[in-house]
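Student: Sharing start_37.cif (mmCIF, C-alpha atoms) below.
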```cif
data_final
loop_
_atom_site.label_atom_id
_atom_site.label_comp_id
_atom_site.auth_asym_id
_atom_site.auth_seq_id
_atom_site.Cartn_x
_atom_site.Cartn_y
_atom_site.Cartn_z
CA MET A 1 -7.04 17.40 -16.15
CA ASP A 2 -9.72 17.24 -13.46
CA GLN A 3 -11.43 14.37 -15.29
CA VAL A 4 -9.79 11.02 -15.89
CA THR A 5 -10.61 9.22 -19.13
CA PHE A 6 -11.37 5.53 -18.63
CA ARG A 7 -10.66 2.87 -21.23
CA SER A 8 -11.80 -0.73 -21.29
CA ASP A 9 -8.54 -1.86 -19.66
CA THR A 10 -8.52 0.82 -16.95
CA VAL A 11 -8.44 -0.33 -13.31
CA LEU A 12 -9.66 2.18 -10.71
CA TYR A 13 -9.04 1.58 -7.03
CA ASP A 14 -11.80 2.39 -4.58
CA VAL A 15 -10.09 4.02 -1.59
CA HIS A 16 -10.81 7.52 -2.83
CA LEU A 17 -14.31 6.67 -3.99
CA LEU A 18 -15.21 6.35 -0.31
CA LEU A 19 -13.58 9.71 0.48
CA PRO A 20 -14.97 12.00 -2.23
CA ASN A 21 -14.44 15.19 -0.24
CA ALA A 22 -10.80 14.52 0.66
CA CYS A 23 -8.15 16.60 -1.02
CA HIS A 24 -6.07 14.70 -3.57
CA LEU A 25 -3.77 17.05 -5.47
CA MET A 26 -2.55 16.22 -8.93
CA LYS A 27 1.17 16.97 -8.77
CA ARG A 28 2.68 15.94 -12.10
CA LEU A 29 2.75 13.42 -14.91
CA ASN A 30 5.01 10.42 -14.50
CA SER A 31 7.45 9.19 -17.13
CA VAL A 32 4.71 7.33 -19.01
CA GLY A 33 2.30 10.26 -18.95
CA GLN A 34 0.00 9.08 -16.14
CA PRO A 35 -1.36 11.74 -13.73
CA VAL A 36 0.24 11.47 -10.29
CA PHE A 37 -1.78 12.54 -7.25
CA THR A 38 -0.74 13.29 -3.68
CA SER A 39 -2.88 12.13 -0.76
CA LYS A 40 -2.42 12.45 2.97
CA PHE A 41 -3.48 9.71 5.37
CA ARG A 42 -3.60 10.36 9.10
CA ILE A 43 -2.70 7.64 11.58
CA LEU A 44 -5.58 7.39 14.06
CA ARG A 45 -3.57 6.52 17.13
CA ASP A 46 -6.40 7.42 19.50
CA CYS A 47 -9.04 5.54 17.52
CA ASP A 48 -9.98 2.03 18.63
CA GLY A 49 -10.85 1.04 15.09
CA LYS A 50 -14.53 0.45 15.87
CA ASP A 51 -15.84 3.97 15.37
CA SER A 52 -16.33 4.55 11.66
CA SER A 53 -16.73 8.28 12.27
CA CYS A 54 -12.98 8.68 12.70
CA GLU A 55 -11.60 10.60 9.71
CA SER A 56 -8.06 10.20 8.47
CA PRO A 57 -7.10 12.19 5.37
CA VAL A 58 -6.42 15.54 7.07
CA ARG A 59 -10.06 16.04 7.98
CA GLU A 60 -11.37 16.34 11.52
CA SER A 61 -14.65 14.75 12.64
CA THR A 62 -17.44 17.17 13.52
CA ASP A 63 -19.67 16.98 16.57
CA ALA A 64 -23.22 16.77 15.19
CA SER A 65 -24.61 18.67 18.18
CA ASN A 66 -22.55 21.74 17.25
CA VAL A 67 -23.59 21.86 13.59
CA PRO A 68 -25.57 25.08 12.89
CA ARG A 69 -29.20 24.46 11.91
CA ASP A 70 -32.11 26.69 10.95
CA GLU A 71 -35.46 26.87 12.73
CA ASP A 72 -36.75 23.83 10.83
CA GLY A 73 -33.79 21.74 11.90
CA ASP A 74 -32.13 21.73 8.48
CA LEU A 75 -28.39 22.25 8.06
CA ASP A 76 -27.62 25.97 7.92
CA VAL A 77 -24.88 26.33 5.31
CA VAL A 78 -22.78 29.47 5.48
CA ARG A 79 -22.10 30.67 1.95
CA ARG A 80 -18.75 32.12 0.94
CA PRO A 81 -19.08 35.82 0.08
CA ARG A 82 -18.50 36.56 -3.58
CA CYS A 83 -16.42 39.36 -4.94
CA SER A 84 -18.75 42.29 -5.68
CA SER A 85 -16.81 43.30 -8.78
CA CYS A 86 -17.11 39.96 -10.59
CA ASN A 87 -19.66 37.25 -11.13
CA ARG A 88 -17.39 34.24 -10.83
CA ASP A 89 -14.28 33.15 -9.02
CA ALA A 90 -10.91 33.59 -10.68
CA VAL A 91 -9.44 30.44 -12.19
CA CYS A 92 -5.70 30.09 -12.65
CA PRO A 93 -4.79 27.23 -15.02
CA ILE A 94 -1.82 25.04 -14.20
CA ILE A 95 0.18 23.32 -16.93
CA LEU A 96 1.41 19.88 -15.95
CA SER A 97 4.42 18.30 -17.55
CA GLN A 98 6.40 15.12 -17.09
CA SER A 99 8.98 15.53 -14.35
CA ALA A 100 11.82 13.66 -12.71
CA ALA A 101 9.97 13.95 -9.39
CA THR A 102 12.77 15.56 -7.41
CA LEU A 103 11.89 17.02 -4.04
CA THR A 104 12.11 20.75 -3.51
CA ASP A 105 13.18 22.38 -0.24
CA GLU A 106 9.63 23.64 0.25
CA GLU A 107 8.21 20.12 -0.05
CA GLU A 108 10.73 18.75 2.46
CA ASP A 109 9.83 21.49 4.94
CA SER A 110 6.16 20.70 4.41
CA GLU A 111 6.76 17.03 5.18
CA GLU A 112 8.37 17.91 8.51
CA GLU A 113 5.21 19.74 9.48
CA ASP A 114 3.04 16.82 8.37
CA GLY A 115 5.17 14.36 10.32
CA ALA A 116 4.33 16.10 13.57
CA ARG A 117 0.65 15.34 12.90
CA ASP A 118 1.06 11.62 12.21
CA VAL A 119 0.31 12.13 8.53
CA ILE A 120 1.67 9.87 5.82
CA LYS A 121 1.89 11.52 2.40
CA ILE A 122 1.74 9.26 -0.63
CA GLU A 123 2.11 9.97 -4.33
CA HIS A 124 0.12 7.57 -6.49
CA THR A 125 -2.03 7.21 -9.57
CA MET A 126 -5.79 6.70 -9.56
CA ALA A 127 -6.52 4.79 -12.76
CA THR A 128 -4.08 2.56 -14.64
CA PRO A 129 -3.94 -0.50 -16.87
CA LEU A 130 -3.82 -3.78 -14.96
CA GLU A 131 -0.03 -4.08 -15.25
CA ASP A 132 0.40 -0.75 -13.40
CA VAL A 133 -2.01 -1.27 -10.49
CA GLY A 134 0.97 -1.16 -8.12
CA LYS A 135 0.99 2.61 -8.60
CA GLN A 136 -2.37 2.82 -6.87
CA ILE A 137 -3.30 2.36 -3.19
CA TRP A 138 -5.48 -0.58 -2.22
CA ARG A 139 -7.42 -1.47 0.92
CA GLY A 140 -5.24 -4.52 1.48
CA ALA A 141 -2.29 -2.20 2.15
CA PHE A 142 -4.25 -0.41 4.86
CA LEU A 143 -5.32 -3.71 6.45
CA LEU A 144 -1.71 -4.86 6.63
CA ALA A 145 -0.61 -1.44 7.92
CA ASP A 146 -3.24 -1.69 10.67
CA PHE A 147 -1.90 -5.09 11.69
CA ILE A 148 1.68 -3.79 11.81
CA LEU A 149 0.77 -0.91 14.11
CA ALA A 150 -1.40 -3.17 16.27
CA GLN A 151 1.48 -5.68 16.64
CA ALA A 152 4.31 -3.15 16.80
CA SER A 153 6.15 -5.02 19.56
CA MET A 154 6.36 -8.16 17.40
CA PHE A 155 8.09 -6.31 14.53
CA LYS A 156 10.28 -4.06 16.70
CA GLY A 157 13.91 -4.13 15.56
CA ALA A 158 13.28 -6.75 12.86
CA THR A 159 14.57 -7.01 9.30
CA VAL A 160 11.56 -7.19 6.98
CA LEU A 161 11.10 -7.84 3.26
CA GLU A 162 8.05 -6.49 1.42
CA LEU A 163 7.12 -8.11 -1.88
CA GLY A 164 5.16 -6.07 -4.41
CA ALA A 165 5.45 -2.89 -2.34
CA GLY A 166 3.85 -0.61 -4.95
CA THR A 167 3.71 2.95 -3.61
CA GLY A 168 5.58 1.91 -0.46
CA LEU A 169 2.81 2.71 2.04
CA THR A 170 3.12 -0.54 4.00
CA SER A 171 6.92 -0.39 4.05
CA ILE A 172 6.78 3.14 5.45
CA VAL A 173 4.48 1.99 8.25
CA MET A 174 6.67 -1.04 8.90
CA ALA A 175 9.80 1.14 9.18
CA MET A 176 8.18 2.95 12.12
CA VAL A 177 8.81 -0.18 14.21
CA ALA A 178 11.26 -2.41 12.29
CA LYS A 179 14.99 -1.76 11.93
CA THR A 180 15.48 -2.49 8.22
CA VAL A 181 12.83 -2.81 5.51
CA TYR A 182 13.63 -4.05 2.01
CA CYS A 183 10.89 -2.47 -0.09
CA THR A 184 10.76 -4.35 -3.41
CA ASP A 185 8.87 -4.31 -6.70
CA VAL A 186 9.63 -4.11 -10.43
CA GLY A 187 9.74 -1.27 -12.97
CA ASP A 188 11.89 1.86 -12.77
CA ASP A 189 8.89 4.22 -12.85
CA LEU A 190 7.13 2.44 -9.97
CA LEU A 191 10.31 2.09 -7.93
CA SER A 192 11.12 5.78 -8.46
CA MET A 193 7.66 6.70 -7.16
CA CYS A 194 8.18 4.39 -4.21
CA GLN A 195 11.59 5.93 -3.45
CA ARG A 196 10.06 9.41 -3.56
CA ASN A 197 7.35 8.37 -1.09
CA VAL A 198 10.01 6.96 1.21
CA THR A 199 11.85 10.29 1.10
CA LEU A 200 8.63 12.24 1.65
CA ASN A 201 7.98 10.30 4.85
CA LYS A 202 11.48 9.83 6.24
CA GLN A 203 10.59 11.83 9.35
CA HIS A 204 8.47 8.90 10.50
CA PHE A 205 11.31 6.36 10.71
CA GLU A 206 14.70 8.14 10.62
CA PRO A 207 14.52 9.39 14.25
CA GLN A 208 14.63 5.77 15.48
CA GLU A 209 17.46 5.01 13.02
CA SER A 210 15.36 2.70 10.88
CA GLU A 211 15.91 2.51 7.14
CA ILE A 212 14.02 1.56 4.00
CA ARG A 213 15.95 0.24 1.02
CA VAL A 214 13.99 0.33 -2.24
CA ARG A 215 15.15 -2.53 -4.45
CA GLN A 216 14.06 -4.38 -7.56
CA LEU A 217 12.86 -7.94 -7.04
CA ASP A 218 11.35 -9.64 -10.07
CA TRP A 219 9.34 -12.74 -9.11
CA MET A 220 9.75 -14.06 -12.64
CA ALA A 221 13.56 -14.05 -12.32
CA ASP A 222 15.57 -16.71 -10.56
CA ASP A 223 17.94 -14.39 -8.75
CA PHE A 224 18.51 -10.83 -7.51
CA CYS A 225 19.46 -7.99 -9.84
CA THR A 226 23.07 -7.11 -8.99
CA ASP A 227 23.98 -5.05 -12.06
CA ALA A 228 25.56 -1.92 -10.57
CA ASP A 229 24.73 0.07 -13.71
CA LEU A 230 21.00 -0.28 -13.01
CA ASP A 231 18.99 1.68 -10.48
CA PHE A 232 17.60 -0.15 -7.44
CA CYS A 233 20.02 -3.08 -7.81
CA TRP A 234 21.20 -5.20 -4.87
CA THR A 235 24.67 -5.34 -3.40
CA ASP A 236 26.20 -8.60 -2.21
CA ALA A 237 26.13 -7.25 1.34
CA GLU A 238 22.40 -6.54 1.12
CA ILE A 239 21.63 -10.02 -0.20
CA ALA A 240 23.66 -11.54 2.63
CA ASP A 241 21.87 -9.32 5.17
CA LEU A 242 18.48 -10.32 3.74
CA HIS A 243 19.26 -14.03 4.02
CA ASP A 244 20.92 -13.81 7.43
CA ASN A 245 18.59 -11.45 9.31
CA THR A 246 15.12 -11.40 7.71
CA THR A 247 12.42 -12.88 9.92
CA PHE A 248 9.29 -11.34 8.37
CA VAL A 249 7.98 -11.07 4.81
CA ILE A 250 4.90 -9.00 3.96
CA ALA A 251 2.79 -8.59 0.83
CA ALA A 252 -0.32 -6.44 0.43
CA ASP A 253 -2.99 -7.30 -2.15
CA VAL A 254 -0.62 -8.65 -4.80
CA CYS A 255 -2.64 -11.66 -6.04
CA TYR A 256 -4.79 -10.59 -8.96
CA ASP A 257 -3.25 -12.66 -11.77
CA ASP A 258 -2.68 -16.42 -11.66
CA ASP A 259 0.78 -16.24 -13.23
CA LEU A 260 1.87 -13.61 -10.70
CA THR A 261 0.41 -15.67 -7.87
CA ASP A 262 2.44 -18.67 -9.01
CA ALA A 263 5.55 -16.50 -9.18
CA LEU A 264 4.85 -15.09 -5.70
CA PHE A 265 4.72 -18.52 -4.08
CA ARG A 266 7.82 -19.69 -5.96
CA THR A 267 9.63 -16.60 -4.68
CA LEU A 268 8.42 -17.21 -1.12
CA TYR A 269 9.69 -20.78 -1.22
CA ARG A 270 13.05 -19.79 -2.69
CA LEU A 271 13.57 -16.98 -0.18
CA ALA A 272 12.49 -19.04 2.82
CA SER A 273 14.84 -21.85 1.77
CA ASN A 274 17.80 -19.44 1.81
CA MET A 275 17.01 -17.65 5.07
CA ARG A 276 19.03 -18.54 8.14
CA HIS A 277 16.10 -18.04 10.54
CA PRO A 278 12.52 -19.31 10.41
CA SER A 279 10.37 -16.69 8.70
CA THR A 280 6.77 -15.56 8.96
CA THR A 281 4.92 -14.12 5.98
CA TYR A 282 1.80 -11.99 6.22
CA ILE A 283 -0.28 -11.62 3.05
CA SER A 284 -3.34 -9.40 2.82
CA ILE A 285 -5.86 -9.95 0.04
CA GLU A 286 -9.30 -8.71 -0.92
CA LYS A 287 -11.80 -11.22 -2.24
CA ARG A 288 -13.17 -9.42 -5.30
CA LEU A 289 -16.49 -10.67 -6.60
CA ASN A 290 -16.97 -10.66 -10.37
CA PHE A 291 -19.74 -11.90 -12.61
CA THR A 292 -18.29 -13.99 -15.41
CA LEU A 293 -19.97 -15.23 -18.58
CA ARG A 294 -17.98 -18.44 -18.35
CA HIS A 295 -19.57 -19.37 -15.03
CA MET A 296 -22.76 -17.33 -15.48
CA ASP A 297 -22.40 -16.59 -11.80
CA VAL A 298 -20.45 -14.46 -9.34
CA SER A 299 -16.96 -15.85 -8.78
CA CYS A 300 -13.60 -14.89 -7.23
CA GLU A 301 -11.14 -16.60 -9.52
CA ALA A 302 -7.99 -14.76 -8.41
CA TYR A 303 -8.86 -15.32 -4.75
CA ASP A 304 -9.75 -18.99 -5.32
CA TYR A 305 -6.40 -19.58 -7.02
CA PHE A 306 -4.61 -17.83 -4.16
CA ARG A 307 -6.28 -20.18 -1.67
CA HIS A 308 -5.35 -23.14 -3.89
CA CYS A 309 -1.69 -22.06 -3.79
CA LEU A 310 -1.84 -21.70 0.00
CA ASP A 311 -3.17 -25.24 0.30
CA GLN A 312 -0.48 -26.59 -2.03
CA LEU A 313 2.24 -24.84 -0.05
CA GLN A 314 1.05 -26.32 3.23
CA GLN A 315 0.70 -29.81 1.78
CA MET A 316 4.24 -29.91 0.37
CA THR A 317 6.08 -32.98 1.62
CA ALA A 318 9.12 -32.99 -0.66
CA GLY A 319 11.90 -30.49 -0.07
CA LYS A 320 13.61 -29.07 2.97
CA MET A 321 10.93 -26.64 4.19
CA ASN A 322 7.73 -27.03 6.18
CA PHE A 323 5.01 -24.39 5.77
CA THR A 324 2.11 -23.72 8.12
CA VAL A 325 -0.81 -21.60 6.89
CA GLU A 326 -3.48 -19.95 9.03
CA PRO A 327 -5.87 -16.99 8.74
CA VAL A 328 -5.48 -13.96 10.98
CA LYS A 329 -8.66 -12.56 12.51
CA SER A 330 -9.27 -8.93 11.51
CA SER A 331 -10.18 -7.93 15.05
CA PHE A 332 -7.18 -5.63 15.54
CA PRO A 333 -7.69 -1.83 15.74
CA GLN A 334 -8.10 0.29 12.64
CA PHE A 335 -5.52 3.07 12.34
CA PHE A 336 -6.42 4.41 8.89
CA GLN A 337 -9.63 5.67 7.32
CA TYR A 338 -10.88 3.09 4.82
CA GLU A 339 -13.75 0.64 4.60
CA ARG A 340 -12.63 -2.61 6.21
CA VAL A 341 -15.02 -4.81 4.25
CA GLU A 342 -15.57 -8.46 5.13
CA GLN A 343 -13.85 -9.48 1.89
CA LEU A 344 -10.51 -8.26 3.27
CA GLU A 345 -8.41 -11.09 4.66
CA LEU A 346 -4.99 -11.51 6.25
CA TRP A 347 -3.07 -14.78 6.06
CA LYS A 348 -0.04 -15.97 8.03
CA VAL A 349 2.49 -18.37 6.50
CA THR A 350 5.22 -19.76 8.77
CA ALA A 351 8.28 -21.38 7.18
CA GLU A 352 10.64 -23.67 9.08
CA ARG A 353 13.51 -25.79 7.92
CA LEU A 354 13.06 -29.55 8.28
#
```
Could you spell out this file's structure in structure tokens?
Tutor:
Amino acid sequence: MDQVTFRSDTVLYDVHLLLPNACHLMKRLNSVGQPVFTSKFRILRDCDGKDSSCESPVRESTDASNVPRDEDGDLDVVRRPRCSSCNRDAVCPIILSQSAATLTDEEEDSEEEDGARDVIKIEHTMATPLEDVGKQIWRGAFLLADFILAQASMFKGATVLELGAGTGLTSIVMAMVAKTVYCTDVGDDLLSMCQRNVTLNKQHFEPQESEIRVRQLDWMADDFCTDADLDFCWTDAEIADLHDNTTFVIAADVCYDDDLTDALFRTLYRLASNMRHPSTTYISIEKRLNFTLRHMDVSCEAYDYFRHCLDQLQQMTAGKMNFTVEPVKSSFPQFFQYERVEQLELWKVTAERL
């Protein structure tokens, strides 16, 4: 199980490719048989975001002047002593099986210890078909999380809706400053993983009496799921609270398919039209360059369509809403270890009633 088999339709995210020495433990198989890993990400509260030497996933940076070297100046590696009675280390196989992903007392105790060190623990997959990419962690989520922590005073005490929350990383960060976060996506398996991550990290937001509510929100549907027999359904009180008190909407790297992008902007318009207060939406996206045979050149079709939808939204004249679109400069501090490439962008959409 240490090697992942890739098929032609497999999508692999690149956060861990840049951190090959970090520890990512395979915990279980989810309900559809995909390997689930656990990763820890440290919040770099003392890092100004400009020093790329800052490490986050439970690894401390090392002072190069204190690294032991031999007389030629080469790195002097201390080898682990081997057992004299055997020629190789003992290997204990672990059998993984599909599980309901319930937390044990030992895991909850472990999370309390991690919380004291500003560590966020996330369960996720590493390689999935395109329709399951929400189970992975993407750089756009870290960019949006950085912005939230950098602008904590702006989100303090707010009611926030996240669209396409995936593993729930950004919602967890948002709950550290906001009062109520509606963490939404589709699919019972994904939402169950998200709910587990929320529980794993509750020590980060419960002390300030914040809460995260994991709910299903299908962009392809015209209304909220209120069927009480289904998991992650909405109550009438929650829908009323969302419409009456939400002032911020966030979405991290959710535009990779034109149909989904259309559905996202339809959902944004519908939600903004029903909100009592003016709302501000922050959308992070990564411009992914691909060589296509159709163009015989490098293109960014998903990104280009996203920008087209932004322009259409701002140019809307019919209806009862006015939308203002503007980019947000990525000059804010970096609180997580990832490569903030120039293709990462953050956009601000302000909605006001005419």
Student: Might you spell out which residues the PyMOL selection byres ((chain A and resi 298-310) around 12) would select in the displayed file, as a PyMOL selection string?
Tutor: chain A and resi 253-266+268-269+281+283-297+311-316+323-327+343-350
Student: For atom CA of A:Gln337 and atom CA of A:Thr199, determine how far apart the two atoms are, in Å to one decimal place.
Tutor: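 If I compute the distance from atom CA of A:Gln337 to atom CA of A:Thr199, I get 22.8 Å.
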Student: Which residues are near A:Asp118? Cut-off 9 Å, all atoms listed in the file, ignore same chain within fewer than 5 positions. Put them as a PyMOL selection string.
Tutor: chain A and resi 41-45+204
Student: Enter the distance from atom CA of A:Asn322 to atom CA of A:Thr280, in Å, rounded to one decimal.
Tutor: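 Pair atom CA of A:Asn322 / atom CA of A:Thr280 returns 11.8 Å.
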Student: I'd like the contact shell of stretch 219-228 of chain A - 9 Å cut-off, only C-alpha atoms, skipping same-chain residues fewer than 2 positions apart - returned as a list in words.
Tutor: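 Once the adjacent positions are removed, what remains is Leu163, Asp185, Val186, Arg215, Gln216, Leu217, Leu230, Asp231, Phe232, Cys233, Trp234, Thr235, Asp236, Ile239, Leu260, Ala263, Leu264, Phe265, Arg266, Thr267 and Arg270 of chain A.
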Student: Return as number ranges by chain the set of residues that the PyMOL selection byres ((chain A and resi 244-251) around 9) yields on the displayed structure.
Tutor: A: 141, 144, 155, 158-165, 170-171, 180, 239-243, 252-254, 268, 274-285
Student: At what distance in Å, to one decimal, does atom CA of A:Phe205 lie from atom CA of A:Ala178?
Tutor: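 Separation between atom CA of A:Ala178 and atom CA of A:Phe205: 8.9 Å.
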Student: Closest to A:Gly134 among A:Asp189, A:Gln208, A:Lys156, A:Ile172, using all atoms listed in the file?
Tutor: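 Closest to A:Gly134 of all the choices is A:Asp189.
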Student: Please, which residues in stretch 178-225 of chain A fall within 12 Å of stretch 36-39 of chain A when counting only C-alpha atoms, and what is the closest atom pair and distance in Å to one decimal for each, ordered by chain then residue number, as a tab-separated table?
Tutor:
```
residue	atom	partner	partner_atom	distance
A:Asp189	CA	A:Val36	CA	11.6
A:Leu190	CA	A:Val36	CA	11.4
A:Met193	CA	A:Val36	CA	9.4
A:Arg196	CA	A:Thr38	CA	11.5
A:Asn197	CA	A:Thr38	CA	9.8
A:Leu200	CA	A:Thr38	CA	10.8
```
Student: Quick check on the file I pasted: which residues fall under the PyMOL selection byres ((chain A and resi 32) around 12)? Write them as a list in words.
Tutor: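 Checking the PyMOL selection byres ((chain A and resi 32) around 12) against this file, the residues are Arg28, Leu29, Asn30, Ser31, Gly33, Gln34, Pro35, Val36, Ser97, Gln98, Ser99, Ala100, Thr125, Thr128, Pro129, Asp132, Gly187, Asp188, Asp189 and Leu190 of chain A.
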Student: Residues at most 10 Å from A:Asp146, counting all atoms listed in the file, excluding those fewer than 5 positions away in the same chain, as JSON, numbers by chain?
Tutor: {"A": [43, 44, 49, 140, 141, 151, 152, 170, 173, 330, 332, 333, 334, 335, 336]}
Student: Generate N, CA, C and O atoms for stretch 195-211 of chain A and emit them as an mmCIF file, keeping the file's coordinate frame.
Tutor:
```
data_model
loop_
_atom_site.group_PDB
_atom_site.id
_atom_site.type_symbol
_atom_site.label_atom_id
_atom_site.label_comp_id
_atom_site.auth_asym_id
_atom_site.auth_seq_id
_atom_site.Cartn_x
_atom_site.Cartn_y
_atom_site.Cartn_z
ATOM 1 N N GLN A 195 10.456 5.268 -4.090
ATOM 2 C CA GLN A 195 11.590 5.930 -3.450
ATOM 3 C C GLN A 195 11.235 7.358 -3.054
ATOM 4 O O GLN A 195 11.617 7.837 -1.974
ATOM 5 N N ARG A 196 10.486 8.050 -3.888
ATOM 6 C CA ARG A 196 10.060 9.410 -3.560
ATOM 7 C C ARG A 196 9.150 9.405 -2.341
ATOM 8 O O ARG A 196 9.283 10.249 -1.450
ATOM 9 N N ASN A 197 8.231 8.451 -2.258
ATOM 10 C CA ASN A 197 7.350 8.370 -1.090
ATOM 11 C C ASN A 197 8.129 8.072 0.178
ATOM 12 O O ASN A 197 7.811 8.591 1.257
ATOM 13 N N VAL A 198 9.149 7.234 0.055
ATOM 14 C CA VAL A 198 10.010 6.960 1.210
ATOM 15 C C VAL A 198 10.679 8.246 1.685
ATOM 16 O O VAL A 198 10.726 8.543 2.884
ATOM 17 N N THR A 199 11.198 9.016 0.740
ATOM 18 C CA THR A 199 11.850 10.290 1.100
ATOM 19 C C THR A 199 10.856 11.279 1.683
ATOM 20 O O THR A 199 11.168 11.993 2.647
ATOM 21 N N LEU A 200 9.655 11.325 1.142
ATOM 22 C CA LEU A 200 8.630 12.240 1.650
ATOM 23 C C LEU A 200 8.264 11.951 3.101
ATOM 24 O O LEU A 200 7.849 12.849 3.834
ATOM 25 N N ASN A 201 8.426 10.707 3.520
ATOM 26 C CA ASN A 201 7.980 10.300 4.850
ATOM 27 C C ASN A 201 9.119 9.856 5.771
ATOM 28 O O ASN A 201 8.890 9.166 6.761
ATOM 29 N N LYS A 202 10.336 10.287 5.458
ATOM 30 C CA LYS A 202 11.480 9.830 6.240
ATOM 31 C C LYS A 202 11.435 10.283 7.688
ATOM 32 O O LYS A 202 12.055 9.670 8.557
ATOM 33 N N GLN A 203 10.682 11.349 7.967
ATOM 34 C CA GLN A 203 10.590 11.830 9.350
ATOM 35 C C GLN A 203 9.878 10.845 10.262
ATOM 36 O O GLN A 203 9.978 10.947 11.487
ATOM 37 N N HIS A 204 9.185 9.870 9.688
ATOM 38 C CA HIS A 204 8.470 8.900 10.500
ATOM 39 C C HIS A 204 9.374 7.767 10.993
ATOM 40 O O HIS A 204 9.043 7.107 11.978
ATOM 41 N N PHE A 205 10.492 7.510 10.321
ATOM 42 C CA PHE A 205 11.310 6.360 10.710
ATOM 43 C C PHE A 205 12.783 6.702 10.955
ATOM 44 O O PHE A 205 13.477 5.958 11.656
ATOM 45 N N GLU A 206 13.289 7.805 10.414
ATOM 46 C CA GLU A 206 14.700 8.140 10.620
ATOM 47 C C GLU A 206 15.052 8.466 12.079
ATOM 48 O O GLU A 206 16.160 8.133 12.517
ATOM 49 N N PRO A 207 14.159 9.102 12.857
ATOM 50 C CA PRO A 207 14.520 9.390 14.250
ATOM 51 C C PRO A 207 14.883 8.149 15.057
ATOM 52 O O PRO A 207 15.708 8.222 15.964
ATOM 53 N N GLN A 208 14.278 6.993 14.759
ATOM 54 C CA GLN A 208 14.630 5.770 15.480
ATOM 55 C C GLN A 208 15.680 4.947 14.733
ATOM 56 O O GLN A 208 15.877 3.769 15.021
ATOM 57 N N GLU A 209 16.354 5.602 13.758
ATOM 58 C CA GLU A 209 17.460 5.010 13.020
ATOM 59 C C GLU A 209 17.045 3.768 12.233
ATOM 60 O O GLU A 209 17.842 2.832 12.049
ATOM 61 N N SER A 210 15.809 3.752 11.784
ATOM 62 C CA SER A 210 15.360 2.700 10.880
ATOM 63 C C SER A 210 15.647 3.119 9.443
ATOM 64 O O SER A 210 15.838 4.307 9.165
ATOM 65 N N GLU A 211 15.646 2.174 8.540
ATOM 66 C CA GLU A 211 15.910 2.510 7.140
ATOM 67 C C GLU A 211 15.061 1.658 6.201
ATOM 68 O O GLU A 211 14.683 0.527 6.526
#
```
